[in-house]
Amino acid sequence: MTIHYDDLETRAPAEREAAQLAALAAQVAIVRDKDGSCLPDIAVNTLSDLTKFPVLRKSELSDWQKEQPPFGGIHTSNITHVFQSPGPIYEPGGSSHDWWRFGRFLHACGIGKDDIVQNCFGYHLTPAGTMFENGARAVGAKILPAGTGQTELQVRAAADIGSTAYAGTPDYLKVILEKADEMGVPLKITKAAVSGGALFPQLRQYYTDRGITCMQCYATADLGHLAYETAEGAGMVVDEGVIIEIVTPGTGDPVPTGEVGEIVVTSLNPDYPLIRFATGDMSAVMDGPSPCGRTNMRIKGWMGRADQTTKIKGMFVRPEQVADLVRKTGADRARVIADRDGDTDKMIVQIEGDGLDETTITAAVQDILKLKGEVTFCAPGTLPRDGLVIEDRRTYET
């Protein structure tokens with residue numbers, strides 16, 4: 001029988017929605033109190049009102065931080081750490097109980113007070129090491145702050161102290177295990193909590209064959225823990241401390257359940273209230289609750305990057321431009337394809353919808369995308385629902 005981390009995981013959907021609505025209203029009030037110009041004056045009466053707020057992109061956050069370092073003027077409280085990620089982007093961190101919410105994931109991995117977690121995430125500048133350490137403390141586990149590299153020392157430490165669990169990227173545990181085999185040193189690791197890279201099926205099976213249960217979560221430096229695998233269910237269960245939307249790339253418009261789109265997150269952490277923050281990652285909502293008994297929304301996990309910006313004939317074409325094309329022409333959706341005609345780039349624009357005027361569409365393509373292209377019209381419902389609004393089919397032989 002599944003033992004859940006807390007009662008939040010098994011709430012009735014209506015109860016969760018009411019709690020999220022109250023938390024969202026509080027977040028909006030905090031942001032407006034700090035800087036009322038950041039958000040439009042929109043009443044928050046239902047969760048659907050969230051879609052009326054603008055999407056905040058990392059590029060905008062970076063610009064804000066340059067103007068008002070270190071956090072761009074966004075309200076922060078109870079902050080004990082400042083981290084730096086590539087960009088650079090600066091993220092705040094706190095030391096209070098389960099501040100990044102990773103305890104929920106580690107509990108789902110079966111990690112608890114009897115475990116010693118060998119934490120192989122980096123502690124230098126970036127927040128992953130501290131995030132997982134904070135989560136390990138939340139479930140009562142002991143932590144070896146191992147960081148990355150020095151594999152022989154990792155093996156020796158794991159053997160000497162009896163590490164039972166691993167936290168780190170999916171592939172580095174295999175490096176440690178193979179080094180232990182080479183050294184003839186038996187290890188006691190039976191659980192692995194991984195993130196920050198792809199957990200390929202063959203790698204998961206490798207760990208299973210060695211008696212190690214390996215599960216992954218989805219998280220970002222800005223937002224903390226967002227979704228996690230469970231032992232009994234497919235996909236990833238969304239964390240209780242965030243609201244996740246899946247939208248058409250380049251827009252803030254939600255897609256239907258099952259369609260692939262960009263993950264946009266509203267954090268319900270009042271210490272750092274990010275509202276509709278675009279992660280740049282793609283996923284899709286799964287139907288129904290998880291078989292494990294957790295009732296929150298599930299997503300399919302990481303399904304690629306949403307920033308499909310592509311250079312065609314020397315000009316960048318961006319998802320935002322494709323969204324603008326759809327909006328201004330009355331089409332249902334559009335897809336730009338970059339291809340080759342001999343040694344020359346060519347652009348094909350597929351347009352889906354009823355009653356569209358070819359002359360108007362062709363002119364809009366050139367005006368909005370700044371390029372001439374071949375326009376093809378598609379019947380409603382025929383373009384793939386795979387999240388791609390710009391598809392690059394070009395191959396280059398070397």
# chains A, B, ... in the order shown; residues from 1 in each chain; ligands from 1
$ select_by_dssp --residues "range 191-296 of chain A" --states "helix (DSSP H, G or I)" --output "JSON, numbers by chain"
{"A": [201, 202, 203, 204, 205, 206, 207, 208, 209]}
$ closest_atom_pairs --of "range 298-337 of chain A" --to "range 194-212 of chain A" --cutoff "12 Å" --atoms "only C-alpha atoms" --output "CSV"
residue,atom,partner,partner_atom,distance
A:Gly301,CA,A:Ala198,CA,10.2
A:Trp302,CA,A:Ala198,CA,8.5
A:Met303,CA,A:Ala198,CA,10.2
A:Gly304,CA,A:Ala198,CA,10.6
$ write_last_selection --atoms "all heavy atoms" --output "short mmCIF file (atom, residue, chain, number, x, y, z; two decimals), in the first residue's frame"
data_model
loop_
_atom_site.label_atom_id
_atom_site.label_comp_id
_atom_site.auth_asym_id
_atom_site.auth_seq_id
_atom_site.Cartn_x
_atom_site.Cartn_y
_atom_site.Cartn_z
N GLY A 301 6.11 14.05 -18.63
CA GLY A 301 7.55 14.24 -18.45
C GLY A 301 8.11 15.11 -19.54
O GLY A 301 7.38 15.69 -20.35
N TRP A 302 9.44 15.22 -19.58
CA TRP A 302 10.09 16.11 -20.54
C TRP A 302 9.97 15.56 -21.95
O TRP A 302 10.27 14.41 -22.23
CB TRP A 302 11.56 16.26 -20.15
CG TRP A 302 12.28 17.30 -20.95
CD1 TRP A 302 12.29 18.65 -20.74
CD2 TRP A 302 13.12 17.08 -22.09
NE1 TRP A 302 13.07 19.29 -21.68
CE2 TRP A 302 13.59 18.35 -22.52
CE3 TRP A 302 13.51 15.95 -22.80
CZ2 TRP A 302 14.44 18.51 -23.61
CZ3 TRP A 302 14.35 16.10 -23.89
CH2 TRP A 302 14.81 17.36 -24.27
N MET A 303 9.49 16.43 -22.89
CA MET A 303 9.28 16.00 -24.26
C MET A 303 9.94 16.94 -25.26
O MET A 303 9.46 17.12 -26.38
CB MET A 303 7.77 15.89 -24.54
CG MET A 303 7.05 14.88 -23.67
SD MET A 303 5.27 14.82 -23.94
CE MET A 303 5.20 14.04 -25.56
N GLY A 304 11.04 17.57 -24.86
CA GLY A 304 11.76 18.44 -25.77
C GLY A 304 11.69 19.90 -25.35
O GLY A 304 11.08 20.25 -24.35
#
$ residues_around --residues "Glu262 in chain A" --least-positions-apart "5" --cutoff "7 Å" --atoms "only C-alpha atoms" --output "list in words"
Ile246, Val247, Thr248, Pro249, Gly280, Asp281, Met282, Ser283 and Ala306 of chain A
$ write_last_selection --atoms "C-alpha atoms" --output "compact mmCIF listing (two decimals), in the first residue's frame"
# COMPACT_ATOMS: atom_id res chain seq x y z
CA ILE A 246 0.58 23.38 -21.02
CA VAL A 247 0.39 26.08 -23.70
CA THR A 248 1.08 26.49 -27.39
CA PRO A 249 4.75 27.50 -27.75
CA GLY A 280 10.97 26.39 -22.27
CA ASP A 281 10.28 22.66 -21.85
CA MET A 282 7.59 20.63 -23.58
CA SER A 283 5.17 18.09 -22.13
CA ALA A 306 9.71 24.74 -26.72
$ closest_residue --among "A:Ile79, A:Ala146, A:Val336, A:Cys109" --to "Tyr272 in chain A" --atoms "only C-alpha atoms"
A:Ile79
$ residues_around --residues "range 380-397 of chain A" --least-positions-apart "4" --cutoff "6 Å" --atoms "only C-alpha atoms" --output "ChimeraX atom specification"
/A:259-261,308,335-340,352-353
$ atom_distance --atom1 "CA of Ile361 in chain A" --atom2 "CA of Arg333 in chain A"
12.4 Å
$ select_by_dssp --residues "range 53-198 of chain A" --states "strand (DSSP E or B)" --output "list in words"
Leu56, His81, Val82, Phe83, Gln84, Ser85, Ile89, Tyr90, Glu91, Pro92, Gly93, Ile116, Val117, Gln118, Asn119, Lys142, Ile143, Leu144, Ala165, Tyr166, Ala167, Gly168, Lys191, Ala192, Ala193 and Val194 of chain A
$ write_last_selection --atoms "C-alpha atoms" --output "short mmCIF file (atom, residue, chain, number, x, y, z; two decimals), in the first residue's frame"
data_model
loop_
_atom_site.label_atom_id
_atom_site.label_comp_id
_atom_site.auth_asym_id
_atom_site.auth_seq_id
_atom_site.Cartn_x
_atom_site.Cartn_y
_atom_site.Cartn_z
CA LEU A 56 7.12 35.57 -18.05
CA HIS A 81 21.06 31.63 -0.50
CA VAL A 82 21.75 33.22 -3.87
CA PHE A 83 22.58 30.90 -6.78
CA GLN A 84 23.81 31.52 -10.30
CA SER A 85 22.83 29.53 -13.38
CA ILE A 89 20.38 34.05 -14.06
CA TYR A 90 20.25 34.42 -10.29
CA GLU A 91 17.91 32.30 -8.17
CA PRO A 92 17.01 32.72 -4.50
CA GLY A 93 16.95 29.83 -2.04
CA ILE A 116 22.16 7.79 3.77
CA VAL A 117 21.86 9.79 0.55
CA GLN A 118 25.00 10.24 -1.54
CA ASN A 119 24.15 13.62 -3.06
CA LYS A 142 21.39 11.58 6.35
CA ILE A 143 23.33 13.30 3.56
CA LEU A 144 26.81 12.80 2.14
CA ALA A 165 20.58 6.03 -1.85
CA TYR A 166 21.93 8.13 -4.69
CA ALA A 167 20.86 11.60 -5.82
CA GLY A 168 22.31 12.99 -9.02
CA LYS A 191 17.49 3.68 -4.37
CA ALA A 192 18.19 6.47 -6.82
CA ALA A 193 16.53 9.87 -7.20
CA VAL A 194 17.65 11.43 -10.47
#
$ closest_residue --among "A:Leu39, A:Glu232, A:Arg57, A:Pro270" --to "Asp307 in chain A" --atoms "only C-alpha atoms"
A:Arg57
$ residues_around --residues "Arg11 in chain A" --least-positions-apart "3" --cutoff "10 Å" --atoms "only C-alpha atoms" --output "PyMOL selection string"
chain A and resi 6-8+14-17+293-296
$ write_last_selection --atoms "all heavy atoms" --output "compact mmCIF listing (two decimals), in the first residue's frame"
# COMPACT_ATOMS: atom_id res chain seq x y z
N ASP A 6 1.95 13.42 2.41
CA ASP A 6 1.02 14.17 3.25
C ASP A 6 -0.37 14.05 2.65
O ASP A 6 -0.57 13.44 1.59
CB ASP A 6 1.45 15.64 3.40
CG ASP A 6 1.63 16.34 2.06
OD1 ASP A 6 0.97 15.95 1.07
OD2 ASP A 6 2.43 17.29 1.99
N ASP A 7 -1.35 14.66 3.33
CA ASP A 7 -2.74 14.57 2.87
C ASP A 7 -3.00 15.38 1.61
O ASP A 7 -4.04 15.20 0.96
CB ASP A 7 -3.69 15.03 3.98
CG ASP A 7 -3.70 14.08 5.18
OD1 ASP A 7 -3.31 12.90 4.99
OD2 ASP A 7 -4.08 14.51 6.28
N LEU A 8 -2.11 16.29 1.28
CA LEU A 8 -2.32 17.11 0.09
C LEU A 8 -2.35 16.25 -1.18
O LEU A 8 -3.04 16.58 -2.15
CB LEU A 8 -1.20 18.15 -0.04
CG LEU A 8 -1.06 19.17 1.09
CD1 LEU A 8 0.09 20.13 0.79
CD2 LEU A 8 -2.36 19.95 1.30
N ALA A 14 -11.72 19.28 -6.22
CA ALA A 14 -12.36 20.55 -5.87
C ALA A 14 -11.67 21.20 -4.68
O ALA A 14 -11.51 22.44 -4.63
CB ALA A 14 -13.84 20.33 -5.56
N GLU A 15 -11.23 20.40 -3.73
CA GLU A 15 -10.52 20.93 -2.57
C GLU A 15 -9.17 21.51 -3.00
O GLU A 15 -8.77 22.59 -2.53
CB GLU A 15 -10.31 19.81 -1.54
CG GLU A 15 -9.60 20.27 -0.27
CD GLU A 15 -9.32 19.12 0.69
OE1 GLU A 15 -9.75 17.98 0.41
OE2 GLU A 15 -8.64 19.36 1.71
N ARG A 16 -8.47 20.80 -3.88
CA ARG A 16 -7.18 21.30 -4.37
C ARG A 16 -7.38 22.60 -5.15
O ARG A 16 -6.62 23.57 -4.97
CB ARG A 16 -6.50 20.26 -5.25
CG ARG A 16 -5.17 20.74 -5.83
CD ARG A 16 -4.48 19.67 -6.67
NE ARG A 16 -3.98 18.58 -5.85
CZ ARG A 16 -4.53 17.38 -5.79
NH1 ARG A 16 -5.62 17.10 -6.54
NH2 ARG A 16 -4.04 16.44 -5.02
N GLU A 17 -8.39 22.64 -6.00
CA GLU A 17 -8.63 23.83 -6.80
C GLU A 17 -8.92 25.04 -5.92
O GLU A 17 -8.42 26.15 -6.18
CB GLU A 17 -9.78 23.59 -7.77
CG GLU A 17 -10.04 24.77 -8.70
CD GLU A 17 -11.09 24.45 -9.76
OE1 GLU A 17 -11.34 23.25 -10.01
OE2 GLU A 17 -11.63 25.40 -10.34
N GLY A 293 -2.83 6.52 -6.33
CA GLY A 293 -3.77 7.16 -5.40
C GLY A 293 -3.60 8.66 -5.29
O GLY A 293 -4.44 9.35 -4.72
N ARG A 294 -2.50 9.21 -5.84
CA ARG A 294 -2.33 10.66 -5.84
C ARG A 294 -3.28 11.25 -6.88
O ARG A 294 -3.39 10.74 -7.99
CB ARG A 294 -0.88 11.02 -6.15
CG ARG A 294 0.10 10.55 -5.06
CD ARG A 294 1.55 10.74 -5.49
NE ARG A 294 2.50 10.37 -4.45
CZ ARG A 294 2.97 9.14 -4.25
NH1 ARG A 294 2.56 8.14 -5.02
NH2 ARG A 294 3.82 8.90 -3.28
N THR A 295 -3.91 12.35 -6.52
CA THR A 295 -5.02 12.85 -7.33
C THR A 295 -4.68 14.07 -8.16
O THR A 295 -5.53 14.57 -8.90
CB THR A 295 -6.20 13.21 -6.41
OG1 THR A 295 -5.76 14.13 -5.41
CG2 THR A 295 -6.77 11.96 -5.74
N ASN A 296 -3.46 14.57 -8.06
CA ASN A 296 -3.11 15.77 -8.82
C ASN A 296 -2.91 15.43 -10.30
O ASN A 296 -2.78 14.26 -10.68
CB ASN A 296 -1.85 16.42 -8.25
CG ASN A 296 -1.78 17.91 -8.55
OD1 ASN A 296 -2.59 18.46 -9.28
ND2 ASN A 296 -0.80 18.58 -7.96
$ closest_atom_pairs --of "range 219-326 of chain A" --to "range 121-130 of chain A" --cutoff "9 Å" --atoms "only C-alpha atoms" --output "tab-separated table"
residue	atom	partner	partner_atom	distance
A:Thr220	CA	A:Ala128	CA	8.7
A:Ala221	CA	A:Pro127	CA	6.3
A:Gly224	CA	A:Ala128	CA	8.8
$ closest_residue --among "A:Gly73, A:Asp354, A:Gly110, A:Lys58" --to "Gly87 in chain A" --atoms "only C-alpha atoms"
A:Lys58
$ atom_distance --atom1 "CA of Ala363 in chain A" --atom2 "CA of Met315 in chain A"
17.4 Å
$ closest_atom_pairs --of "range 261-366 of chain A" --to "range 22-34 of chain A" --cutoff "10 Å" --atoms "only C-alpha atoms" --output "Markdown table"
| residue | atom | partner | partner_atom | distance |
| --- | --- | --- | --- | --- |
| A:Thr266 | CA | A:Leu24 | CA | 8.2 |
| A:Ser267 | CA | A:Gln27 | CA | 8.5 |
| A:Leu268 | CA | A:Ala23 | CA | 6.2 |
| A:Asn269 | CA | A:Gln27 | CA | 8.1 |
| A:Pro270 | CA | A:Gln27 | CA | 6.3 |
| A:Asp271 | CA | A:Gln27 | CA | 9.5 |
| A:Tyr272 | CA | A:Gln27 | CA | 9.1 |
| A:Pro273 | CA | A:Gln27 | CA | 5.9 |
| A:Leu274 | CA | A:Gln27 | CA | 8.3 |
| A:Ile275 | CA | A:Val28 | CA | 7.9 |
$ write_last_selection --atoms "C-alpha atoms" --output "short mmCIF file (atom, residue, chain, number, x, y, z; two decimals), in the first residue's frame"
data_model
loop_
_atom_site.label_atom_id
_atom_site.label_comp_id
_atom_site.auth_asym_id
_atom_site.auth_seq_id
_atom_site.Cartn_x
_atom_site.Cartn_y
_atom_site.Cartn_z
CA THR A 266 2.98 29.43 -11.35
CA SER A 267 4.82 28.91 -8.08
CA LEU A 268 2.73 29.06 -4.90
CA ASN A 269 5.82 29.73 -2.76
CA PRO A 270 5.18 33.19 -1.22
CA ASP A 271 8.92 33.66 -0.67
CA TYR A 272 9.48 33.95 -4.44
CA PRO A 273 6.18 34.31 -6.34
CA LEU A 274 6.78 33.59 -10.02
CA ILE A 275 3.52 33.80 -11.98
#
$ atom_distance --atom1 "CA of Ala19 in chain A" --atom2 "CA of Met215 in chain A"
28.3 Å
